[in-house]
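Single-structure report; data block below.
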Amino acid sequence: MKISIGGFSFFNTMKEGKMDTFGYLETSKYRYGLDTVDLWNGTFEGSRQDIFSMPDPDYIVKLRDAIREREMQVINLAVDGAHLWDEDPDRRKMLFNNAMGYLKIAETLGVHSVRIDAGDRKSDPETPEQFDYVVAKFKELSKAAADLGLIVGPENHMGSSKYPDYLKRVAEAVDEPNFGILLHMGRWAADAETGDELVAPYVYHTHFDGSTVKSERGRQLVALLLEKGYDGYWGIEYNAPGNQYLEMEWAIASVKLILADASNNKA
């Protein structure tokens, strides 16, 4: 089954100093038997001190080597500190440079897709200036991603992006083959019942969280995406309280059951 674990899933364990990105790879590969993984730059060396600083190139090479040694595929790299819109023009320039830099990092790591957020938490709702800027910059990123064999696009993660109509309008305006949406299923500030369906044609990757795994809505959303032709991976981003190793075992098993049921019903 096409399953990967989202990099934020072991945030609590990492925060306690019990895991780093290399241990996360080991856990995904040898504890859960997965040859696939998602990464989040918030786990990279030095990121907790300054999420806006680019990682050391030597660290990225070490990470690339660790991925290759384990014969793993990185399905998605979720990037913080590189969102496109900020009210400060100088900061916007820095953020876009970070976004372009992470595309190169993704190429080095062999990543399939990169999540770059559209705007900061203040951009709610968006202004015409913001919308035009975000569309123009995603066009640039999409063309650069195409040259590197990547897909790039936002997640319904924060600010205006938690409104499905906004993400749909961005996708329609960008209109590039290497652009898409990372769908965190059910995570909307409005139109929660229809949001997932509205953006479904543009989805390149997905995130289950704990509440989606537990609810009947999770099964409905999987069926919906399959009906719309989705053939990507099902990422599990579940930063559970308590024993995160055991919680992730439960989440993976639960998602496998949901996918098996969806496959049987489709057949």
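Letters for chains follow the order of the structure tokens (A, B, ...), residue numbers begin at 1 for each chain, and ligand numbers begin at 1 in the order shown.
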Members of segment 63-205 of chain A assigned strand (DSSP E) by DSSP, as a ChimeraX atom specification: /A:73-79,111-116,151-153,181-184,203-205
Residues from last step as file, C-alpha atoms, as a compact mmCIF listing (two decimals), in the first residue's frame:
# COMPACT_ATOMS: atom_id res chain seq x y z
CA GLN A 73 11.95 7.02 -1.35
CA VAL A 74 11.09 10.47 0.01
CA ILE A 75 7.55 11.15 -1.15
CA ASN A 76 7.22 14.70 0.14
CA LEU A 77 9.31 17.39 1.79
CA ALA A 78 7.17 19.78 3.85
CA VAL A 79 8.97 23.11 4.17
CA VAL A 111 12.19 13.91 -3.13
CA HIS A 112 9.06 13.49 -5.28
CA SER A 113 7.19 16.63 -4.16
CA VAL A 114 7.69 19.76 -2.07
CA ARG A 115 5.16 21.57 0.08
CA ILE A 116 5.65 25.34 0.01
CA ILE A 151 5.90 18.67 -8.01
CA VAL A 152 5.40 21.74 -5.82
CA GLY A 153 2.45 23.37 -4.15
CA ILE A 181 -2.08 20.76 -3.57
CA LEU A 182 -1.06 18.74 -0.54
CA LEU A 183 -4.41 17.90 1.03
CA HIS A 184 -4.49 17.63 4.81
CA VAL A 203 -4.12 16.86 -5.06
CA TYR A 204 -0.59 15.42 -5.38
CA HIS A 205 -0.20 14.14 -1.79
Rows by chain and residue number, segment 86-119 of chain A within 10 Å of segment 51-71 of chain A, shortest pair, only C-alpha atoms, as a tab-separated table:
residue	atom	partner	partner_atom	distance
A:Met94	CA	A:Phe52	CA	8.8
A:Leu95	CA	A:Phe52	CA	7.8
A:Asn97	CA	A:Met54	CA	9.8
A:Asn98	CA	A:Met54	CA	6.9
A:Ala99	CA	A:Met54	CA	9.8
A:Gly101	CA	A:Met54	CA	7.8
A:Tyr102	CA	A:Met54	CA	8.2
A:Ile105	CA	A:Ile60	CA	7.3
A:Ala106	CA	A:Ile60	CA	9.5
A:Glu107	CA	A:Arg64	CA	9.9
A:Thr108	CA	A:Arg64	CA	6.8
A:Leu109	CA	A:Arg64	CA	4.9
A:Gly110	CA	A:Arg64	CA	7.8
A:Val111	CA	A:Arg64	CA	10.0
Just-selected residues, N, CA, C and O atoms written as a PDB file, in the first residue's frame:
ATOM      1  N   MET A  94      13.306  37.085   0.776  1.00  0.00           N
ATOM      2  CA  MET A  94      14.062  36.067   1.499  1.00  0.00           C
ATOM      3  C   MET A  94      13.320  34.731   1.494  1.00  0.00           C
ATOM      4  O   MET A  94      13.908  33.663   1.265  1.00  0.00           O
ATOM      5  N   LEU A  95      12.019  34.770   1.728  1.00  0.00           N
ATOM      6  CA  LEU A  95      11.224  33.552   1.768  1.00  0.00           C
ATOM      7  C   LEU A  95      11.218  32.845   0.415  1.00  0.00           C
ATOM      8  O   LEU A  95      11.320  31.613   0.341  1.00  0.00           O
ATOM      9  N   ASN A  97      13.529  33.046  -1.909  1.00  0.00           N
ATOM     10  CA  ASN A  97      14.856  32.460  -2.093  1.00  0.00           C
ATOM     11  C   ASN A  97      14.971  31.138  -1.341  1.00  0.00           C
ATOM     12  O   ASN A  97      15.570  30.174  -1.840  1.00  0.00           O
ATOM     13  N   ASN A  98      14.411  31.094  -0.143  1.00  0.00           N
ATOM     14  CA  ASN A  98      14.387  29.837   0.611  1.00  0.00           C
ATOM     15  C   ASN A  98      13.616  28.761  -0.156  1.00  0.00           C
ATOM     16  O   ASN A  98      14.046  27.599  -0.241  1.00  0.00           O
ATOM     17  N   ALA A  99      12.463  29.142  -0.703  1.00  0.00           N
ATOM     18  CA  ALA A  99      11.637  28.184  -1.443  1.00  0.00           C
ATOM     19  C   ALA A  99      12.409  27.603  -2.627  1.00  0.00           C
ATOM     20  O   ALA A  99      12.413  26.379  -2.852  1.00  0.00           O
ATOM     21  N   GLY A 101      15.626  27.492  -2.922  1.00  0.00           N
ATOM     22  CA  GLY A 101      16.716  26.696  -2.375  1.00  0.00           C
ATOM     23  C   GLY A 101      16.281  25.304  -1.969  1.00  0.00           C
ATOM     24  O   GLY A 101      17.009  24.319  -2.158  1.00  0.00           O
ATOM     25  N   TYR A 102      15.061  25.207  -1.430  1.00  0.00           N
ATOM     26  CA  TYR A 102      14.568  23.897  -1.008  1.00  0.00           C
ATOM     27  C   TYR A 102      14.215  23.000  -2.189  1.00  0.00           C
ATOM     28  O   TYR A 102      14.222  21.765  -2.059  1.00  0.00           O
ATOM     29  N   ILE A 105      17.429  21.336  -2.720  1.00  0.00           N
ATOM     30  CA  ILE A 105      17.630  20.340  -1.665  1.00  0.00           C
ATOM     31  C   ILE A 105      16.784  19.102  -1.949  1.00  0.00           C
ATOM     32  O   ILE A 105      17.245  17.970  -1.786  1.00  0.00           O
ATOM     33  N   ALA A 106      15.561  19.317  -2.398  1.00  0.00           N
ATOM     34  CA  ALA A 106      14.678  18.192  -2.717  1.00  0.00           C
ATOM     35  C   ALA A 106      15.265  17.339  -3.835  1.00  0.00           C
ATOM     36  O   ALA A 106      15.206  16.101  -3.785  1.00  0.00           O
ATOM     37  N   GLU A 107      15.855  17.990  -4.825  1.00  0.00           N
ATOM     38  CA  GLU A 107      16.502  17.229  -5.901  1.00  0.00           C
ATOM     39  C   GLU A 107      17.647  16.388  -5.340  1.00  0.00           C
ATOM     40  O   GLU A 107      17.794  15.203  -5.683  1.00  0.00           O
ATOM     41  N   THR A 108      18.447  16.967  -4.463  1.00  0.00           N
ATOM     42  CA  THR A 108      19.565  16.238  -3.863  1.00  0.00           C
ATOM     43  C   THR A 108      19.076  15.025  -3.086  1.00  0.00           C
ATOM     44  O   THR A 108      19.683  13.944  -3.142  1.00  0.00           O
ATOM     45  N   LEU A 109      17.980  15.174  -2.358  1.00  0.00           N
ATOM     46  CA  LEU A 109      17.460  14.098  -1.513  1.00  0.00           C
ATOM     47  C   LEU A 109      16.607  13.086  -2.277  1.00  0.00           C
ATOM     48  O   LEU A 109      16.182  12.089  -1.702  1.00  0.00           O
ATOM     49  N   GLY A 110      16.329  13.373  -3.544  1.00  0.00           N
ATOM     50  CA  GLY A 110      15.493  12.466  -4.326  1.00  0.00           C
ATOM     51  C   GLY A 110      14.026  12.533  -3.968  1.00  0.00           C
ATOM     52  O   GLY A 110      13.296  11.545  -4.070  1.00  0.00           O
ATOM     53  N   VAL A 111      13.579  13.722  -3.571  1.00  0.00           N
ATOM     54  CA  VAL A 111      12.193  13.913  -3.134  1.00  0.00           C
ATOM     55  C   VAL A 111      11.262  13.968  -4.354  1.00  0.00           C
ATOM     56  O   VAL A 111      11.631  14.473  -5.412  1.00  0.00           O
TER      57      VAL A 111
END
Just want the 12 Å neighbourhood of Ser161 of chain A, counted on only C-alpha atoms, with same-chain residues fewer than 4 positions away dropped. Output as number ranges by chain. A: 83-85, 116-126, 130-131, 134, 153-157, 165-171, 181-184, 187-190, 195, 199
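Between atom CA of Ser9 of chain A and atom CA of Tyr202 of chain A there is a distance of 24.3 Å.
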Could you please determine the separation between atom CA of Val213 of chain A and atom CA of Glu249 of chain A in Å, to one decimal place?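 Interatomic distance, atom CA of Val213 of chain A to atom CA of Glu249 of chain A: 12.3 Å.
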Which is closest to Ile236 of chain A among A:Ala146, A:Val222, A:Met14, A:Val255, if we use only C-alpha atoms? A:Val255
Shell of 12 Å around Phe208 of chain A, only C-alpha atoms, local chain residues under 3 positions omitted, as a PyMOL selection string: chain A and resi 3-6+8-9+182-187+205+211-215+217-219+221-222+233-239+248+251-252+254-256+258-259
List every residue of segment 181-228 of chain A that DSSP, applied to the backbone of this structure, assigns to alpha helix (DSSP H), and report them as a list in words. Gly195, Asp196, Glu197, Leu198, Val199, Gly210, Ser211, Thr212, Val213, Lys214, Glu216, Arg217, Gly218, Arg219, Gln220, Leu221, Val222, Ala223, Leu224, Leu225, Leu226 and Glu227 of chain A
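Our summary of the geometry notes that atom CA of Gly232 of chain A is positioned 26.7 Å from atom CA of Asp20 of chain A.
Among A:Thr36, A:Thr194, A:Thr43, A:Gln220, the residue with the shortest atom-to-atom distance to Gly17 of chain A, counting only C-alpha atoms, is A:Thr43.
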Selected residue, from A:Leu39, A:Val135, A:Ala173, A:Leu103, that lies nearest to Asp147 of chain A when counting only C-alpha atoms: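 Of A:Leu39, A:Val135, A:Ala173, A:Leu103, the one nearest Asp147 of chain A, counting only C-alpha atoms, is A:Leu103.
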When you count only C-alpha atoms, which of these residues is closest to Arg48 of chain A: A:Asp196, A:Lys15, A:Gly23, A:Asp35?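 Nearest candidate to Arg48 of chain A out of A:Asp196, A:Lys15, A:Gly23, A:Asp35: A:Lys15.
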